[in-house]
Amino acid sequence: VQAKELLEAEPLDAAVLGALSELDLRRTGLTKVPDSLGLCQRLVKLDLGDNPLENLPSCLATLPDLHVLFASGIGMTELPPTLAQCEKLHMVGLRSNKLTSLDGKCLPEGLAWLIAAGNPIQELPNISRLQHVRKLMLSHNDLSCEALAPVAGIADLEMIRVAANRLESFPKALLRHPRLAWVAVGSNPFAEAALERRLSAAPP
């Protein structure tokens, strides 16, 4: 039985829904997530990717064990405050949406892995609120050095990918970050300029 059919069945099988730990609803044509998702009280992993949803359902906040959420390519333009209420979320994937801002106040404080590549993100307000993020994926966005700088306030940060943004330099505070061990910055203005200088200085 397909996951979508379980949520839309009449009558609903509350016992089956209540026992689910994973639900894959990718590319199922959903324009709205059925309210029956709220019956999935043991759900740990949910994938809503590549559906024309434009937003996330408020019932996410009622799922007490939700650890992993993928919502890539759903046309979302802003983060709903619902996400901040999902206290057990460990990983969130928001790749290829239409987000211009990634506000830390709209995300749970315990988040460890945040994937938001492929958006037109220009600002990261309150991002340092997310002290436990270890892996931050922000490639192919529209971030400047000034906009990225507050990321240095994330205490547990270990890896950051910011390739293909508008970085004219790399934030000095991030260079001094005590835990940051892995950085990807290719295809930014400062990285391209450095590569060009190195190539022009190479012997013929």
# chains A, B, ... in the order shown; residues from 1 in each chain; ligands from 1
$ select_by_dssp --residues "chain A" --states "strand (DSSP E)" --output "list of chain:residue names"
A:Glu22, A:Leu23, A:Asp24, A:Lys45, A:Leu46, A:Asp47, A:Val68, A:Leu69, A:Phe70, A:Met91, A:Val92, A:Gly93, A:Trp113, A:Leu114, A:Ile115, A:Lys135, A:Leu136, A:Met137, A:Met159, A:Ile160, A:Arg161, A:Trp182, A:Val183, A:Ala184
$ residues_around --residues "Ala164 (chain A)" --least-positions-apart "5" --cutoff "8 Å" --atoms "only C-alpha atoms" --output "ChimeraX atom specification"
/A:139-141,185-188
$ closest_residue --among "A:Glu123, A:Asp103, A:Asp65, A:Glu146" --to "Leu43 (chain A)" --atoms "only C-alpha atoms"
A:Asp65
$ residues_around --residues "His90 (chain A)" --least-positions-apart "2" --cutoff "9 Å" --atoms "only C-alpha atoms" --output "PyMOL selection string"
chain A and resi 66-69+87-88+92+108+110-114+133
$ write_last_selection --atoms "C-alpha atoms" --output "PDB file, in the first residue's frame"
ATOM      1  CA  LEU A  66       9.873  13.207  14.479  1.00  0.00           C
ATOM      2  CA  HIS A  67      13.665  13.254  14.036  1.00  0.00           C
ATOM      3  CA  VAL A  68      14.152  13.658  10.279  1.00  0.00           C
ATOM      4  CA  LEU A  69      12.167  15.868   7.890  1.00  0.00           C
ATOM      5  CA  GLU A  87      11.588  19.679  19.516  1.00  0.00           C
ATOM      6  CA  LYS A  88      13.121  16.318  18.543  1.00  0.00           C
ATOM      7  CA  VAL A  92      15.917  19.091   8.260  1.00  0.00           C
ATOM      8  CA  PRO A 108      14.148  23.824  16.755  1.00  0.00           C
ATOM      9  CA  GLY A 110      18.264  20.932  19.070  1.00  0.00           C
ATOM     10  CA  LEU A 111      18.790  20.705  15.300  1.00  0.00           C
ATOM     11  CA  ALA A 112      22.110  19.079  14.310  1.00  0.00           C
ATOM     12  CA  TRP A 113      21.956  18.896  10.513  1.00  0.00           C
ATOM     13  CA  LEU A 114      20.467  21.651   8.348  1.00  0.00           C
ATOM     14  CA  VAL A 133      24.016  22.428  14.339  1.00  0.00           C
TER      15      VAL A 133
END
$ select_by_dssp --residues "chain A" --states "helix (DSSP H, G or I)" --output "PDB file with C-alpha atoms, in the first residue's frame"
ATOM      1  CA  ALA A   3       1.963   5.947   1.846  1.00  0.00           C
ATOM      2  CA  LYS A   4      -0.427   8.463   0.283  1.00  0.00           C
ATOM      3  CA  GLU A   5      -3.199   5.858   0.136  1.00  0.00           C
ATOM      4  CA  LEU A   6      -2.752   5.106   3.840  1.00  0.00           C
ATOM      5  CA  LEU A   7      -3.314   8.774   4.702  1.00  0.00           C
ATOM      6  CA  GLU A   8      -6.332   9.136   2.396  1.00  0.00           C
ATOM      7  CA  ALA A  14      -5.600   4.461  12.941  1.00  0.00           C
ATOM      8  CA  ALA A  15      -3.708   1.413  14.201  1.00  0.00           C
ATOM      9  CA  VAL A  16      -1.587   1.162  11.053  1.00  0.00           C
ATOM     10  CA  LEU A  17      -0.918   4.907  10.931  1.00  0.00           C
ATOM     11  CA  GLY A  18      -0.070   4.974  14.614  1.00  0.00           C
ATOM     12  CA  ALA A  19       2.570   2.252  14.144  1.00  0.00           C
ATOM     13  CA  ASP A  35      -4.800  15.888   8.524  1.00  0.00           C
ATOM     14  CA  SER A  36      -4.511  12.159   9.123  1.00  0.00           C
ATOM     15  CA  LEU A  37      -0.728  12.648   9.319  1.00  0.00           C
ATOM     16  CA  GLY A  38      -1.395  13.681  12.909  1.00  0.00           C
ATOM     17  CA  LEU A  39      -2.296  10.057  13.686  1.00  0.00           C
ATOM     18  CA  SER A  58       0.836  22.521  11.264  1.00  0.00           C
ATOM     19  CA  CYS A  59       0.275  18.966  12.507  1.00  0.00           C
ATOM     20  CA  LEU A  60       4.045  18.368  12.335  1.00  0.00           C
ATOM     21  CA  ALA A  61       4.237  19.896  15.802  1.00  0.00           C
ATOM     22  CA  THR A  62       1.999  17.102  17.133  1.00  0.00           C
ATOM     23  CA  PRO A  81       6.928  28.662  12.977  1.00  0.00           C
ATOM     24  CA  THR A  82       5.581  25.096  13.253  1.00  0.00           C
ATOM     25  CA  LEU A  83       9.100  23.744  12.762  1.00  0.00           C
ATOM     26  CA  ALA A  84      10.375  25.401  15.918  1.00  0.00           C
ATOM     27  CA  GLN A  85       7.827  23.367  17.878  1.00  0.00           C
ATOM     28  CA  GLY A 104      16.784  30.462  13.333  1.00  0.00           C
ATOM     29  CA  LYS A 105      13.701  31.329  15.384  1.00  0.00           C
ATOM     30  CA  CYS A 106      11.621  29.140  13.061  1.00  0.00           C
ATOM     31  CA  ILE A 127      20.989  31.560  13.040  1.00  0.00           C
ATOM     32  CA  SER A 128      23.293  31.465  16.073  1.00  0.00           C
ATOM     33  CA  ARG A 129      20.270  30.381  18.132  1.00  0.00           C
ATOM     34  CA  CYS A 145      30.187  37.508   3.624  1.00  0.00           C
ATOM     35  CA  GLU A 146      28.267  39.828   5.958  1.00  0.00           C
ATOM     36  CA  ALA A 147      25.160  37.630   5.813  1.00  0.00           C
ATOM     37  CA  LEU A 148      27.153  34.463   6.543  1.00  0.00           C
ATOM     38  CA  ALA A 149      29.175  35.898   9.432  1.00  0.00           C
ATOM     39  CA  PRO A 150      26.618  35.150  12.218  1.00  0.00           C
ATOM     40  CA  VAL A 151      27.090  31.420  11.526  1.00  0.00           C
ATOM     41  CA  ALA A 152      30.329  31.733  13.523  1.00  0.00           C
ATOM     42  CA  GLY A 153      28.154  31.923  16.631  1.00  0.00           C
ATOM     43  CA  LYS A 172      37.193  35.938   9.783  1.00  0.00           C
ATOM     44  CA  ALA A 173      35.226  34.737  12.788  1.00  0.00           C
ATOM     45  CA  LEU A 174      34.512  31.468  10.984  1.00  0.00           C
ATOM     46  CA  LEU A 175      38.214  31.019  10.265  1.00  0.00           C
ATOM     47  CA  PRO A 189      33.906  35.536  -6.061  1.00  0.00           C
ATOM     48  CA  PHE A 190      36.804  35.428  -3.577  1.00  0.00           C
ATOM     49  CA  ALA A 191      37.590  31.779  -4.324  1.00  0.00           C
ATOM     50  CA  GLU A 192      37.506  32.309  -8.077  1.00  0.00           C
ATOM     51  CA  ALA A 193      39.777  35.351  -7.757  1.00  0.00           C
ATOM     52  CA  ALA A 194      42.255  33.364  -5.654  1.00  0.00           C
ATOM     53  CA  LEU A 195      42.275  30.547  -8.211  1.00  0.00           C
ATOM     54  CA  GLU A 196      42.846  33.008 -11.036  1.00  0.00           C
ATOM     55  CA  ARG A 197      45.812  34.554  -9.192  1.00  0.00           C
ATOM     56  CA  ARG A 198      47.329  31.159  -8.551  1.00  0.00           C
ATOM     57  CA  LEU A 199      46.933  30.105 -12.180  1.00  0.00           C
ATOM     58  CA  SER A 200      48.428  33.346 -13.501  1.00  0.00           C
ATOM     59  CA  ALA A 201      51.428  32.918 -11.168  1.00  0.00           C
TER      60      ALA A 201
END
